[in-house]
Structure formats: C-alpha cells, structure tokens
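A.B. asks: Data file final29.txt (compact mmCIF, C-alpha atoms and all ligand atoms) is appended below.
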# COMPACT_ATOMS: atom_id res chain seq x y z
CA MET A 1 127.32 111.00 73.27
CA MET A 2 130.74 110.10 74.52
CA LYS A 3 130.27 112.47 77.40
CA LYS A 4 126.94 110.99 78.39
CA GLY A 5 128.29 107.46 78.28
CA PHE A 6 131.13 108.50 80.51
CA ALA A 7 128.75 110.13 83.00
CA VAL A 8 126.61 107.00 83.15
CA LEU A 9 129.70 104.92 83.69
CA MET A 10 130.88 107.27 86.41
CA SER A 11 127.63 107.19 88.30
CA ALA A 12 127.47 103.41 88.05
CA ALA A 13 130.95 103.27 89.52
CA MET A 14 129.96 105.69 92.26
CA VAL A 15 126.88 103.68 93.19
CA LEU A 16 129.05 100.60 93.30
CA ALA A 17 131.61 102.33 95.50
CA MET A 18 128.91 103.64 97.82
CA GLY A 19 127.34 100.23 98.03
CA THR A 20 130.65 98.74 99.02
CA ALA A 21 131.23 101.46 101.61
CA VAL A 22 127.85 100.85 103.25
CA PHE A 23 128.42 97.12 103.18
CA ALA A 24 131.93 97.51 104.63
CA GLU A 25 130.62 99.75 107.40
CA GLU A 26 127.84 97.34 108.36
CA ALA A 27 130.10 94.36 108.35
CA SER A 28 133.14 95.80 110.08
CA PHE A 29 132.10 96.75 113.62
CA THR A 30 130.77 94.58 116.38
CA THR A 31 128.44 95.51 119.23
CA VAL A 32 127.91 93.77 122.57
CA ALA A 33 124.47 92.54 121.47
CA PRO A 34 124.20 91.83 117.74
CA GLY A 35 121.88 94.23 115.92
CA LYS A 36 121.72 96.50 118.95
CA LEU A 37 123.51 99.61 120.12
CA THR A 38 123.70 99.41 123.91
CA ILE A 39 124.55 102.69 125.59
CA GLY A 40 125.06 103.67 129.23
CA THR A 41 123.92 107.03 130.56
CA SER A 42 123.31 108.72 133.92
CA PRO A 43 119.96 110.54 133.59
CA ASP A 44 120.51 113.20 136.26
CA PHE A 45 121.91 115.78 133.89
CA ALA A 46 119.41 118.02 132.10
CA PRO A 47 119.54 119.00 129.26
CA TYR A 48 121.96 116.14 128.36
CA GLU A 49 119.90 113.28 129.86
CA PHE A 50 116.98 113.36 132.26
CA TYR A 51 113.53 111.89 132.83
CA HIS A 52 110.41 113.73 131.86
CA ILE A 53 106.76 112.75 132.09
CA ASP A 54 105.14 112.04 128.74
CA GLU A 55 101.53 112.73 127.77
CA ASN A 56 100.46 109.38 129.29
CA GLY A 57 102.01 110.27 132.62
CA ASP A 58 104.92 107.86 132.18
CA PRO A 59 108.56 108.76 132.84
CA GLN A 60 110.65 108.79 129.66
CA LEU A 61 114.33 109.33 129.03
CA ALA A 62 115.02 112.55 127.19
CA GLY A 63 117.88 114.91 126.43
CA PHE A 64 120.23 115.69 123.57
CA ASP A 65 122.54 112.77 124.44
CA ILE A 66 119.57 110.42 124.07
CA ALA A 67 118.58 112.02 120.76
CA LEU A 68 122.16 111.67 119.51
CA ALA A 69 122.23 108.03 120.68
CA GLN A 70 119.03 107.38 118.71
CA ARG A 71 120.52 109.05 115.65
CA ILE A 72 123.67 106.92 115.87
CA ALA A 73 121.61 103.73 116.21
CA ASP A 74 119.36 104.73 113.27
CA ASP A 75 122.23 105.68 110.99
CA LEU A 76 124.11 102.48 111.77
CA GLY A 77 121.00 100.35 111.31
CA LEU A 78 120.91 99.20 114.94
CA GLU A 79 118.21 99.08 117.60
CA LEU A 80 118.91 101.43 120.50
CA GLU A 81 119.02 100.06 124.04
CA VAL A 82 119.58 102.65 126.77
CA VAL A 83 120.86 101.42 130.13
CA PRO A 84 120.56 103.96 132.96
CA ILE A 85 123.66 103.74 135.21
CA ASP A 86 124.93 106.11 137.91
CA PHE A 87 127.70 108.15 136.32
CA GLY A 88 130.48 106.63 138.43
CA GLY A 89 129.65 103.15 137.07
CA ILE A 90 129.45 103.81 133.32
CA LEU A 91 133.15 103.38 132.51
CA THR A 92 133.25 100.13 134.51
CA GLU A 93 130.34 98.77 132.46
CA LEU A 94 132.14 99.85 129.30
CA GLN A 95 135.35 98.16 130.38
CA SER A 96 133.45 94.97 131.27
CA GLY A 97 131.97 94.87 127.77
CA ASN A 98 128.35 95.30 128.91
CA ILE A 99 127.68 98.44 126.87
CA ASP A 100 128.99 99.76 123.55
CA LEU A 101 129.07 103.47 124.29
CA GLY A 102 129.07 105.79 127.27
CA ILE A 103 126.93 108.76 126.23
CA SER A 104 126.63 110.88 129.33
CA GLY A 105 128.24 114.27 128.81
CA PHE A 106 131.70 112.72 129.14
CA SER A 107 134.68 115.05 129.26
CA PRO A 108 137.48 113.35 127.32
CA SER A 109 140.13 113.90 130.00
CA PRO A 110 143.73 112.75 129.38
CA GLU A 111 143.46 110.35 132.38
CA ARG A 112 140.38 108.64 130.93
CA ALA A 113 141.91 108.61 127.45
CA GLU A 114 144.64 106.30 128.77
CA THR A 115 142.03 103.57 129.26
CA PHE A 116 139.18 104.53 126.90
CA ASP A 117 138.70 105.80 123.39
CA PHE A 118 136.76 109.00 122.83
CA THR A 119 134.93 110.23 119.77
CA ASP A 120 135.23 113.75 118.41
CA LEU A 121 133.48 116.41 120.50
CA TYR A 122 129.75 116.75 119.83
CA TYR A 123 129.13 119.58 122.29
CA THR A 124 131.12 122.41 123.80
CA GLY A 125 130.41 123.23 127.40
CA GLY A 126 132.21 124.51 130.46
CA GLN A 127 132.31 124.16 134.23
CA ALA A 128 130.70 126.18 136.99
CA PHE A 129 130.65 126.62 140.75
CA CYS A 130 127.19 126.92 142.32
CA VAL A 131 125.67 128.02 145.63
CA ALA A 132 122.17 128.80 146.88
CA MET A 133 120.93 132.18 145.66
CA ALA A 134 120.33 133.27 149.27
CA ASN A 135 124.07 132.93 150.00
CA LYS A 136 125.47 134.41 146.84
CA ASP A 137 126.99 137.49 148.50
CA LYS A 138 128.62 135.48 151.28
CA TYR A 139 131.52 134.24 149.18
CA ALA A 140 134.32 136.06 147.39
CA SER A 141 136.69 133.19 146.65
CA TYR A 142 137.22 129.45 147.15
CA GLU A 143 139.04 130.20 150.42
CA ASP A 144 135.69 131.08 151.96
CA PHE A 145 134.70 127.41 151.63
CA LYS A 146 137.30 126.22 154.11
CA GLY A 147 135.54 123.73 156.40
CA LEU A 148 132.28 124.01 154.45
CA SER A 149 130.59 121.22 152.44
CA VAL A 150 131.26 121.25 148.72
CA GLY A 151 129.56 118.68 146.46
CA ALA A 152 130.53 117.01 143.21
CA GLN A 153 129.32 113.92 141.36
CA THR A 154 131.20 110.73 142.21
CA GLY A 155 133.54 109.67 139.41
CA SER A 156 133.18 112.96 137.55
CA ILE A 157 135.85 115.45 136.56
CA GLN A 158 133.97 117.90 138.82
CA TYR A 159 135.15 115.84 141.80
CA GLY A 160 138.71 116.51 140.67
CA LEU A 161 137.90 120.20 140.30
CA ALA A 162 136.67 120.22 143.90
CA GLU A 163 139.90 118.63 145.14
CA GLU A 164 141.93 121.11 143.14
CA ASN A 165 140.02 124.31 143.94
CA THR A 166 138.56 123.69 147.41
CA PRO A 167 141.08 121.32 149.07
CA ASP A 168 140.20 122.66 152.55
CA ALA A 169 136.49 122.09 152.17
CA ASN A 170 134.62 118.97 153.21
CA ILE A 171 134.24 117.47 149.73
CA VAL A 172 131.08 115.39 149.37
CA GLY A 173 130.68 112.94 146.47
CA LEU A 174 127.09 112.26 145.45
CA THR A 175 125.98 109.71 142.85
CA LYS A 176 123.45 112.00 141.15
CA VAL A 177 123.70 115.63 140.06
CA THR A 178 119.99 116.03 140.85
CA ASP A 179 120.84 115.20 144.50
CA ILE A 180 123.58 117.83 144.44
CA VAL A 181 121.10 120.45 143.23
CA MET A 182 118.60 119.40 145.89
CA GLU A 183 121.21 119.53 148.67
CA LEU A 184 122.36 122.98 147.57
CA LEU A 185 118.77 124.18 147.73
CA ASN A 186 118.05 122.68 151.15
CA GLY A 187 121.34 123.86 152.61
CA THR A 188 123.03 120.47 153.16
CA LEU A 189 125.75 121.56 150.72
CA ASP A 190 127.30 125.03 150.74
CA GLY A 191 128.72 124.89 147.23
CA ALA A 192 129.07 122.48 144.30
CA PHE A 193 130.96 121.97 141.06
CA ILE A 194 128.52 121.30 138.20
CA GLU A 195 128.79 121.29 134.39
CA LYS A 196 127.95 124.86 133.35
CA ASP A 197 125.03 124.22 131.00
CA VAL A 198 123.51 121.74 133.45
CA ALA A 199 123.82 124.29 136.25
CA LEU A 200 122.19 126.94 134.03
CA GLN A 201 119.36 124.56 133.11
CA TYR A 202 118.58 123.73 136.75
CA ALA A 203 118.98 127.41 137.75
CA LYS A 204 116.34 128.25 135.16
CA ASN A 205 113.99 125.73 136.77
CA TYR A 206 115.00 126.55 140.34
CA PRO A 207 115.72 130.27 140.74
CA GLU A 208 116.98 129.49 144.28
CA LEU A 209 120.08 128.05 142.60
CA CYS A 210 122.90 130.44 141.76
CA VAL A 211 125.67 129.79 139.21
CA LEU A 212 128.32 131.76 141.09
CA TRP A 213 131.31 131.69 138.78
CA ASP A 214 132.98 129.81 135.91
CA VAL A 215 135.59 127.18 136.66
CA GLU A 216 138.57 126.63 134.43
CA TYR A 217 139.07 123.17 133.01
CA ASP A 218 141.34 121.94 130.22
CA SER A 219 139.29 119.18 128.56
CA GLU A 220 136.22 121.24 127.70
CA GLY A 221 133.42 119.72 125.67
CA SER A 222 131.65 116.37 125.53
CA ALA A 223 132.58 113.19 123.69
CA ILE A 224 131.33 109.60 123.61
CA ALA A 225 133.40 106.97 125.44
CA LEU A 226 134.22 103.53 123.98
CA LYS A 227 136.22 100.58 125.17
CA LYS A 228 139.69 100.83 123.65
CA GLY A 229 140.27 99.08 120.36
CA ASN A 230 136.89 99.12 118.59
CA GLU A 231 138.29 101.33 115.83
CA GLU A 232 135.51 100.52 113.36
CA LEU A 233 132.71 101.48 115.74
CA LEU A 234 134.67 104.60 116.73
CA ALA A 235 134.98 105.64 113.08
CA ALA A 236 131.30 104.91 112.38
CA VAL A 237 130.16 106.94 115.42
CA ASN A 238 132.47 109.81 114.45
CA GLY A 239 130.86 109.76 111.01
CA VAL A 240 127.38 110.15 112.50
CA ILE A 241 128.55 112.92 114.87
CA ALA A 242 130.05 114.84 111.93
CA THR A 243 126.81 114.55 109.93
CA ALA A 244 124.59 115.50 112.88
CA LEU A 245 126.73 118.59 113.56
CA GLU A 246 126.85 119.53 109.89
CA ASP A 247 123.19 119.11 108.96
CA GLY A 248 121.95 121.06 111.97
CA SER A 249 120.32 118.10 113.76
CA MET A 250 122.58 118.42 116.79
CA SER A 251 121.42 122.04 117.31
CA GLU A 252 117.84 120.80 117.08
CA TYR A 253 118.43 118.04 119.63
CA ILE A 254 119.91 120.63 122.01
CA ALA A 255 117.08 123.14 121.57
CA GLU A 256 114.44 120.42 122.04
CA ALA A 257 116.14 119.07 125.16
CA GLN A 258 116.45 122.53 126.71
CA ALA A 259 112.79 123.28 126.02
CA LEU A 260 111.65 119.93 127.41
CA ALA A 261 113.81 120.22 130.54
CA SER A 262 112.19 123.54 131.40
CA ASP A 263 108.72 122.65 130.17
CA GLU A 264 106.21 124.27 132.47
CA GLU A 265 103.77 121.41 131.98
CA ASN A 266 106.51 119.15 133.24
CA THR A 267 106.23 120.26 136.84
CA TYR A 268 109.16 118.24 138.10
CA GLN A 269 111.65 119.95 135.82
CA GLY A 270 114.44 117.46 135.29
CA MET A 271 114.26 116.02 138.80
CA LEU A 272 112.58 112.68 138.16
CA ASP A 273 114.02 109.22 138.62
CA ALA A 274 113.26 106.11 136.54
CA ASN A 275 110.03 105.42 138.47
CA GLY A 276 108.77 108.92 137.83
CA GLU A 277 109.37 109.71 141.50
CA ILE A 278 110.46 113.22 142.26
CA ILE A 279 114.04 113.43 143.48
CA ALA A 280 113.97 116.92 144.98
CA GLU A 281 111.25 117.48 147.54
CA GLY A 282 109.47 120.69 148.27
CA GLU A 283 111.32 122.87 145.81
CA THR A 284 109.05 122.70 142.78
CA GLU A 285 106.90 125.67 142.08
N1 LIG A 301 131.57 116.10 132.18
C1 LIG A 301 131.71 115.49 133.46
C2 LIG A 301 132.58 114.27 133.40
O1 LIG A 301 132.81 113.75 132.33
C3 LIG A 301 130.40 115.15 134.09
C4 LIG A 301 129.48 114.27 133.32
C5 LIG A 301 128.33 113.79 134.17
N2 LIG A 301 127.28 113.19 133.40
C6 LIG A 301 126.07 112.83 133.88
N3 LIG A 301 125.20 112.37 133.06
N4 LIG A 301 125.82 112.94 135.15
O2 LIG A 301 133.08 113.80 134.38
The structure in this file should be written as structure tokens.
C.D. replies:
Amino acid sequence: MMKKGFAVLMSAAMVLAMGTAVFAEEASFTTVAPGKLTIGTSPDFAPYEFYHIDENGDPQLAGFDIALAQRIADDLGLELEVVPIDFGGILTELQSGNIDLGISGFSPSPERAETFDFTDLYYTGGQAFCVAMANKDKYASYEDFKGLSVGAQTGSIQYGLAEENTPDANIVGLTKVTDIVMELLNGTLDGAFIEKDVALQYAKNYPELCVLWDVEYDSEGSAIALKKGNEELLAAVNGVIATALEDGSMSEYIAEAQALASDEENTYQGMLDANGEIIAEGETE
C-alpha cells in the first residue's frame, strides 16, 4: 500500500516536471516569425536538398535536410517555412535575422564558428575531387590541374579546398553545385571540389561524372547554423537532432532522400530549379 502510494506520488511529480519542461521549452526560445521556424537552404545538393517532381508534375523541395527541418518544426510545435537561398547567401540572411536556421549541409568550420553557432553534427560526410569520366586517366595529382579550370561553390568550404589544393589552377566559383556538375560534364570545368556524398549521388545519376579521389578536410560532418546567442533555440534543436539520430528517423530521412534523388521516374535526377526547369541540359538519359 505504502509502495503504491509512493509510486503514484512519483508519477504525479514526474508528469508535473515533464509538463514544466515542455512549457519552459516552448516559452524560452524566440523565432524570427512567431509560431514559425524559418530555415534557409540551397537546393542544389542532392541528397541533402534538391527539387524533385511530385505526382502532380510540380517541383517540390526534398532531401534529408528538409526532412530534418520538418521534424524540428514538428517537435518544437512550429510551422516550417523553407526559404531557398544560394548557398553563399545563407549566412548573411542568418546574420541579418531573416531566418532562424541554416540547414544546408553546413560544415561547422572554426572560421564560421567565430561568427555563428552550430548544432551537434547530424550527418557525417567527407569531401571529394571530381572530373569527367572520360578524363579520369589524365590526372595523377593536383599538379596536373595547373592552368586548368577547377570549380567550387561560392562561399563553401570547397572553395577553400580549391585554393589550398589547386592554387595554380583557374579557380571558378559557381553559385550552384548543380551548375558545377553540369560544367564538369560539358567540359567547361576540368575538375571540381564537391561534398563526397553529393558527388556520389550525382555520379550515380550521371555516370559521365567521376569521383576521382577523396579530399582531406578537418571539419567533417554537417551541422545546423544559427545566429550567435540564441542558446535556447540551439538547445531545443540539439534535442531534436539527438532524438532523430537515436530513434532511427535520421537514417530513414537519408535513405528516402537517396532513393528519391535517383528515382528513375524522376527523369531530371536532382537537377531541377524552383520552377521545375532543368538545370543541366542534354545530359539526362
Ligand atoms: N559543406 C560545405 C560547406 O559547408 C558545402 C555545403 C553546400 N550546401 C549546399 N546546399 N549547396 O561549405
């Protein structure tokens, strides 16, 4: 009897504590638009974020970053608003207070961490150097790219990798990774630095693309970027990331995104823009 009474008391106390925790969480963070979670992303990066054509023929945002964004919004009781922004502009929008989170395969580099907060890692990836399959035997080392055109996304850590590894090349910054892939395939670019799993995804869709070798980089993995100082939102987002990793949902988001990005019904294979227009011409099969 005593025991039972104690158990009832305990669970009442626990419910009370949980209730307070939920209330505290809801009340403690602020977002740029009340009731909404506004995120910035650069949808040129399958399987992280890309456009695909849905069953009605309309372009839709997809990818495991988008699924994670939706999960964060749901768990925090907010409505998700996704703002597509070229990668090089996301951190500016964050700094200006126009978006709450940058969810776009961000590498939490020490330079960025001086100005922005980063969540825990939600994905582990790496970096790669790519060429056209037809040229794959032409190159033995980075020195062979002296005077040649090497691409990287503007504002990305890959641009830094290009400066570091191919300083004698003509380094070309492009706003979209999909343009980099297209220019590698049509021969405008000779080589390019691309996130490894993105390169592998596009190489699966476009066998003319070759992931030549791995590139070393210190800040491996992806994290979500926040404006400095929103500790409560940072903690809340970290909580959702931990749950999504633990309960297996993150693995599901990744598998779904990879399948969708290489969906054979989806003829344009990760190369669509917001209007459903194909970015790469002539290279679909
Ligand atoms: N991980 C790289 C960086 O943080 C590239 C991310 C590019 N993301 C994108 N959606 N295009 O600089």
A.B. asks: What are the centre and the three edge lengths of an axis-aligned box that wraps all atoms of stretch 125-143 of chain A in the file, given that 5 Å is added to every side, written as JSON and rounded to one decimal in Å?
C.D. replies:
{"center_x": 129.7, "center_y": 130.4, "center_z": 139.3, "size_x": 28.7, "size_y": 24.3, "size_z": 33.9}
A.B. asks: Within 8 Å of A:Leu61, counting only C-alpha atoms, which residues qualify if same-chain residues fewer than 6 places away don't, as a PyMOL selection string?
C.D. replies: chain A and resi 43+49-52
A.B. asks: So the first atom is atom CA of A:Tyr202 and the second is atom CA of A:Ser141; what is the distance between them in Å, to one decimal place?
C.D. replies: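 Computing the Euclidean distance for atom CA of A:Tyr202 and atom CA of A:Ser141 yields 22.7 Å.
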A.B. asks: Name each residue within 10 Å of ligand LIG 301 (chain A), counting all atoms listed in the file, as an MDAnalysis selection string.
C.D. replies: chainID A and resid 40:50 65 84:88 90 102:109 112 125:127 152:161 175:178 193:196 198 219:225
A.B. asks: Report, in Å to a single decimal, how far apart atom CA of A:Ala235 and atom CA of A:Thr119 are.
C.D. replies: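 Atom CA of A:Ala235 lies 8.1 Å from atom CA of A:Thr119.
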A.B. asks: Would you mind telling me which residue in A:Ser149, A:Asn135, A:Thr166, A:Thr92 lies nearest to A:Glu208 when using only C-alpha atoms?
C.D. replies: A:Asn135
A.B. asks: Please report the interatomic distance between atom CA of A:Leu80 and atom CA of A:Leu37 in Å with one decimal.
C.D. replies: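 Between atom CA of A:Leu80 and atom CA of A:Leu37 the gap is 5.0 Å.
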A.B. asks: Could you make a table, as JSON lines, of the residues of stretch 189-258 of chain A that have an atom within 10 Å of an atom of stretch 97-101 of chain A, each with its nearest atom pair and distance in Å to one decimal, counting all atoms listed in the file, in chain and number order?
C.D. replies:
{"residue": "A:Ile224", "atom": "CA", "partner": "A:Leu101", "partner_atom": "CA", "distance": 6.6}
{"residue": "A:Ala225", "atom": "CA", "partner": "A:Leu101", "partner_atom": "CA", "distance": 5.7}
{"residue": "A:Leu226", "atom": "CA", "partner": "A:Leu101", "partner_atom": "CA", "distance": 5.2}
{"residue": "A:Lys227", "atom": "CA", "partner": "A:Asp100", "partner_atom": "CA", "distance": 7.5}
{"residue": "A:Asn230", "atom": "CA", "partner": "A:Asp100", "partner_atom": "CA", "distance": 9.3}
{"residue": "A:Leu233", "atom": "CA", "partner": "A:Asp100", "partner_atom": "CA", "distance": 8.8}
{"residue": "A:Leu234", "atom": "CA", "partner": "A:Leu101", "partner_atom": "CA", "distance": 9.5}
{"residue": "A:Val237", "atom": "CA", "partner": "A:Leu101", "partner_atom": "CA", "distance": 9.6}
A.B. asks: Restricting the calculation to only C-alpha atoms: of A:Val32, A:Asp75, A:Cys130, A:Leu94, which residue gets closest to A:Leu185?
C.D. replies: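 Among A:Val32, A:Asp75, A:Cys130, A:Leu94, it is A:Cys130 that comes nearest to A:Leu185.
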A.B. asks: Smallest atom-to-atom distance to A:Cys210: which of A:Ala134, A:Gly173, A:Ile254, A:Thr31, using all atoms listed in the file?
C.D. replies: A:Ala134
A.B. asks: Using all atoms listed in the file, list the residues that have an atom at most 8 Å from (119.5, 126.5, 150.3), coordinates as in the file, as a list in words.
C.D. replies: Val131, Ala132, Met133, Ala134, Asn135, Glu183, Leu184, Leu185, Asn186, Gly187, Thr188, Leu189, Asp190, Glu208 and Leu209 of chain A
